[in-house]
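*Asks:* One structure coming up, written as structure tokens, with questions to follow.
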Amino acid sequence: MQRIIYILIVLLYLPHHSAADTYPEVIFDNSLVVGSYAKSSVTYSGGSWVENVNNKLLVSDTLFFTPGNALSLKYLSAKEGSWAATVNYSRQKNHYRFNTNEQLSFFIYINTKDTKIEDLPKIFIIQRNGLVDTLALDKFIPSYATKRWLQVKIPCKEFLGIDNEIGISGVGFVQHEASPKEHHLFIDQIEFLPSKYAEVKLNTPAILTEAIPYDKMVQLKWQLPLSPSIRYVKLYRSKDGKNFEPVGIRPVPMQSCLDVVPKAGDKYYYKIVWLDYNYKESPPSAVKVAETK
């Protein structure tokens, strides 16, 4: 009987999860499949090269900005060569149509300490009628540094020829300056954001109401205040109640989710926080405990 209940819960949950996994304006937040990102594409020629699996970008589940993974972009930009890597919009229908006042936002982590700002690729937007302009990233990174996450914000109006009446199919990165060295970036949370958004500081602790165990899953439920500043719900898990690790984010329209745990029969501790549009965290919720069976 318990097994039947567990299966029913999973079946009821899956359609909701797939439909509300992200926001329409988000091109990439997380890959559901480990290893490589199915909605990406890699090409290179001459002496240039991009690390790939079957012409797809690799996925990192050890270093990310929003849990649980990020895109890995490792490349070599040869003088006699070229490369490009695209991240395609995940929906096959109703591609997102941006507003001219919006900005393209994403986070990068420069993992190679010798990578200079001119070694970074250019970026472009893909619309259904083709590629739109390519821009260097240097003027959109005011405080360049390696080995830490940097947010890049590019006003959409900077892309010459972009048409807000045509849906966005994806974004891409293309070789910029030639370099004899190999460079490695991590890229996460690619999305279109409004130029102005609510920035009321989230001073109130998040509210986690339940943590219900089912075999190798724990259902988490929470309450959301009526605050326009909240962008995501961020989940933390711990085995000892002291050392918490981020395990996922969920969009505000969701009121609950399932967390797949590493092992059945163990005790897990949970807490959540709210994230605002600048990805700053609220104070954490009270901790809930769930013992899987």
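Naming scheme: A, B, ... for chains in displayed order of the structure tokens; residues 1 onward per chain; ligands 1 onward as shown.
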As an MDAnalysis selection string, please: the residues near A:Thr146 (cut-off 12 Å, only C-alpha atoms, same-chain neighbours under 5 positions excluded).

*Replies:* chainID A and resid 108:117 120 141 183:186

*Asks:* Take the residues that were just selected and, keeping C-alpha atoms, output them as a compact mmCIF listing (two decimals), in the first residue's frame.

*Replies:*
```txt
# COMPACT_ATOMS: atom_id res chain seq x y z
CA ILE A 108 29.98 33.57 -15.33
CA TYR A 109 32.80 32.06 -13.30
CA ILE A 110 36.24 32.38 -14.92
CA ASN A 111 37.96 29.22 -13.77
CA THR A 112 41.37 29.84 -15.41
CA LYS A 113 43.35 32.50 -13.56
CA ASP A 114 45.28 33.61 -16.67
CA THR A 115 42.11 34.40 -18.62
CA LYS A 116 41.97 38.13 -19.41
CA ILE A 117 38.78 39.97 -20.19
CA LEU A 120 36.24 35.99 -23.08
CA ILE A 141 31.68 43.50 -16.59
CA HIS A 183 40.26 28.99 -21.14
CA HIS A 184 37.47 27.66 -18.93
CA LEU A 185 34.23 29.35 -17.89
CA PHE A 186 31.15 28.24 -16.01
```

*Asks:* Near stretch 283-285 of chain A, counting only C-alpha atoms, which residues have an atom at most 6 Å away, once you skip same-chain residues fewer than 2 positions from it, shown as number ranges by chain?

*Replies:* A: 205-208, 271-273

*Asks:* With distances taken over only C-alpha atoms, which of A:Cys257, A:Leu224, A:Val34, A:Ala211 is nearest to A:Ala290?

*Replies:*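 Nearest to A:Ala290: A:Ala211.
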
*Asks:* Quick one: contact table of stretch 60-154 of chain A to stretch 158-161 of chain A, 9 Å max, nearest atom pair and distance in Å to one decimal per residue, counting only C-alpha atoms, chain and number order, as CSV?

*Replies:*
```
residue,atom,partner,partner_atom,distance
A:Phe124,CA,A:Phe159,CA,7.9
A:Ile125,CA,A:Phe159,CA,7.9
A:Val132,CA,A:Gly161,CA,6.2
A:Asp133,CA,A:Phe159,CA,5.6
A:Thr134,CA,A:Phe159,CA,7.3
A:Leu135,CA,A:Phe159,CA,7.4
A:Ile154,CA,A:Glu158,CA,7.0
```

*Asks:* Between atom CA of A:Ser45 and atom CA of A:Lys139, what is the distance in Å, rounded to a tenth?

*Replies:* 27.8 Å

*Asks:* If we count only C-alpha atoms, what is near A:Asp276 at a cut-off of 10 Å, once residues fewer than 2 positions away on the same chain are taken out, given as a list in words?

*Replies:*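 My reading of the contact set: Tyr197, Ala198, Glu199, Val200, Lys201, Leu202, Ser227, Pro228, Ser229, Ile230, Arg231, Tyr232, Val233, Val273, Trp274, Asn278, Tyr279, Lys280, Glu281 and Ser282 of chain A.
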
*Asks:* Report, in Å with one decimal, the straight-line distance from atom CA of A:Thr209 to atom CA of A:Lys234.

*Replies:*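 Between these atoms lies a distance of 14.4 Å.
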
*Asks:* Give the strand (DSSP E or B) residues of stretch 140-276 of chain A, as DSSP finds them on the backbone, and put them as a PyMOL selection string.

*Replies:* chain A and resi 149-155+168-174+182-194+207-214+217-223+230-238+244-251+256-260+267-276

*Asks:* Which residue out of A:Asn164, A:Ser41, A:Asn52, A:Thr62 has the minimum interatomic distance to A:Val87 when only C-alpha atoms are used?

*Replies:*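 Result for the nearest residue to A:Val87: A:Ser41.
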
*Asks:* Between atom CA of A:Arg97 and atom CA of A:Ile187, what is the spacing in Å?

*Replies:* 22.3 Å

*Asks:* Restricting the calculation to only C-alpha atoms: of A:Lys267, A:Ile126, A:Tyr89, A:Tyr277, which residue gets closest to A:Gly172?

*Replies:* A:Ile126

*Asks:* Please provide the set of residues having any atom within 7 Å of A:Val289, restricted to only C-alpha atoms, with same-chain residues fewer than 3 positions apart removed, written as a PyMOL selection string.

*Replies:* chain A and resi 211+268-270

*Asks:* Contacts of A:Lys122 at 12 Å or less, counting only C-alpha atoms, minus same-chain residues fewer than 6 places along, as a list in words?

*Replies:*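 Once the adjacent positions are removed, what remains is Ser77, Ser82, Trp83, Ala84, Ala85, Thr86, Asp133, Thr134, Leu135, Ala136, Leu137, Asp138, Lys139, Phe140, Phe159, Val171, Gly172, Phe173, Val174, Gln175, His176 and Glu177 of chain A.
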
*Asks:* Residues at most 10 Å from A:Gly170, counting only C-alpha atoms, excluding those fewer than 4 positions away in the same chain, as a PyMOL selection string?

*Replies:* chain A and resi 26-28+39-40+86-90+95-96+124-128+131+190-191

*Asks:* Those same residues - N, CA and C atoms - I'd like them written as a CSV table (one decimal), in the first residue's frame.

*Replies:*
```
chain,number,residue,atom,x,y,z
A,26,VAL,N,13.5,32.6,-18.7
A,26,VAL,CA,14.7,32.0,-18.4
A,26,VAL,C,15.2,31.0,-19.5
A,27,ILE,N,16.3,31.3,-20.1
A,27,ILE,CA,16.9,30.4,-21.1
A,27,ILE,C,17.6,29.2,-20.5
A,28,PHE,N,18.3,29.4,-19.4
A,28,PHE,CA,18.9,28.3,-18.7
A,28,PHE,C,19.0,28.6,-17.2
A,39,LYS,N,20.0,20.9,-24.8
A,39,LYS,CA,19.6,22.1,-25.5
A,39,LYS,C,20.7,23.0,-25.9
A,40,SER,N,21.9,22.4,-26.0
A,40,SER,CA,23.1,23.2,-26.4
A,40,SER,C,23.7,22.6,-27.7
A,86,THR,N,26.0,27.4,-28.6
A,86,THR,CA,24.7,28.0,-28.4
A,86,THR,C,24.0,27.3,-27.3
A,87,VAL,N,23.2,28.1,-26.5
A,87,VAL,CA,22.3,27.6,-25.5
A,87,VAL,C,20.9,27.9,-26.0
A,88,ASN,N,20.1,26.9,-26.3
A,88,ASN,CA,18.8,27.1,-27.0
A,88,ASN,C,17.7,27.1,-26.0
A,89,TYR,N,16.7,27.9,-26.3
A,89,TYR,CA,15.5,28.0,-25.5
A,89,TYR,C,14.9,26.6,-25.3
A,90,SER,N,14.5,26.3,-24.2
A,90,SER,CA,14.1,24.9,-23.9
A,90,SER,C,12.7,24.6,-24.4
A,95,HIS,N,8.0,30.7,-28.0
A,95,HIS,CA,9.3,31.3,-27.6
A,95,HIS,C,9.1,32.6,-27.0
A,96,TYR,N,9.9,32.9,-26.0
A,96,TYR,CA,9.8,34.1,-25.2
A,96,TYR,C,10.0,35.4,-26.1
A,124,PHE,N,25.9,36.5,-28.5
A,124,PHE,CA,24.8,36.9,-29.5
A,124,PHE,C,23.5,36.3,-29.1
A,125,ILE,N,22.4,36.9,-29.6
A,125,ILE,CA,21.1,36.4,-29.4
A,125,ILE,C,20.6,35.7,-30.7
A,126,ILE,N,19.9,34.6,-30.5
A,126,ILE,CA,19.3,33.9,-31.7
A,126,ILE,C,17.8,34.2,-31.7
A,127,GLN,N,17.3,34.7,-32.8
A,127,GLN,CA,15.8,34.8,-33.0
A,127,GLN,C,15.5,33.9,-34.2
A,128,ARG,N,14.2,33.7,-34.4
A,128,ARG,CA,13.7,32.7,-35.4
A,128,ARG,C,14.2,33.1,-36.8
A,131,LEU,N,20.6,35.0,-36.4
A,131,LEU,CA,21.5,35.5,-35.4
A,131,LEU,C,21.4,37.0,-35.3
A,190,ILE,N,20.9,32.0,-17.2
A,190,ILE,CA,20.8,32.9,-18.4
A,190,ILE,C,19.3,33.3,-18.5
A,191,GLU,N,19.0,34.6,-18.5
A,191,GLU,CA,17.6,35.0,-18.4
A,191,GLU,C,17.5,36.4,-18.9
```

*Asks:* Would you mind listing what lies within 7 Å of A:Leu258 as a CSV table (one decimal) with C-alpha atoms, in the first residue's frame, with only C-alpha atoms counted and same-chain residues fewer than 2 positions away left out?

*Replies:*
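Wrote out.csv, looks like this:
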```csv
chain,number,residue,atom,x,y,z
A,217,MET,CA,12.0,11.4,-1.9
A,218,VAL,CA,11.0,14.2,0.5
A,219,GLN,CA,8.1,16.5,-0.2
A,220,LEU,CA,8.8,20.1,0.9
A,260,VAL,CA,15.3,13.1,-4.4
```

*Asks:* Determine, using only C-alpha atoms, which residues of stretch 159-233 of chain A have any atom at most 9 Å from an atom of stretch 98-107 of chain A, and tabulate each with its shortest atom pair and distance in Å to one decimal place, rows ordered by chain and then rising number, as a tab-separated table.

*Replies:*
```
residue	atom	partner	partner_atom	distance
A:Asp163	CA	A:Thr100	CA	8.6
A:Asn164	CA	A:Phe98	CA	5.7
A:Glu165	CA	A:Phe98	CA	8.2
A:Ile166	CA	A:Phe98	CA	8.6
A:Gly167	CA	A:Phe98	CA	7.6
A:Ile168	CA	A:Phe98	CA	7.6
A:Phe186	CA	A:Phe107	CA	8.1
A:Ile187	CA	A:Phe107	CA	5.7
A:Asp188	CA	A:Phe107	CA	5.2
A:Gln189	CA	A:Phe106	CA	5.3
A:Ile190	CA	A:Phe106	CA	4.4
A:Glu191	CA	A:Ser105	CA	5.4
A:Phe192	CA	A:Leu104	CA	4.6
A:Leu193	CA	A:Gln103	CA	5.4
A:Pro194	CA	A:Glu102	CA	4.3
A:Ser195	CA	A:Glu102	CA	5.0
A:Lys196	CA	A:Glu102	CA	8.3
```
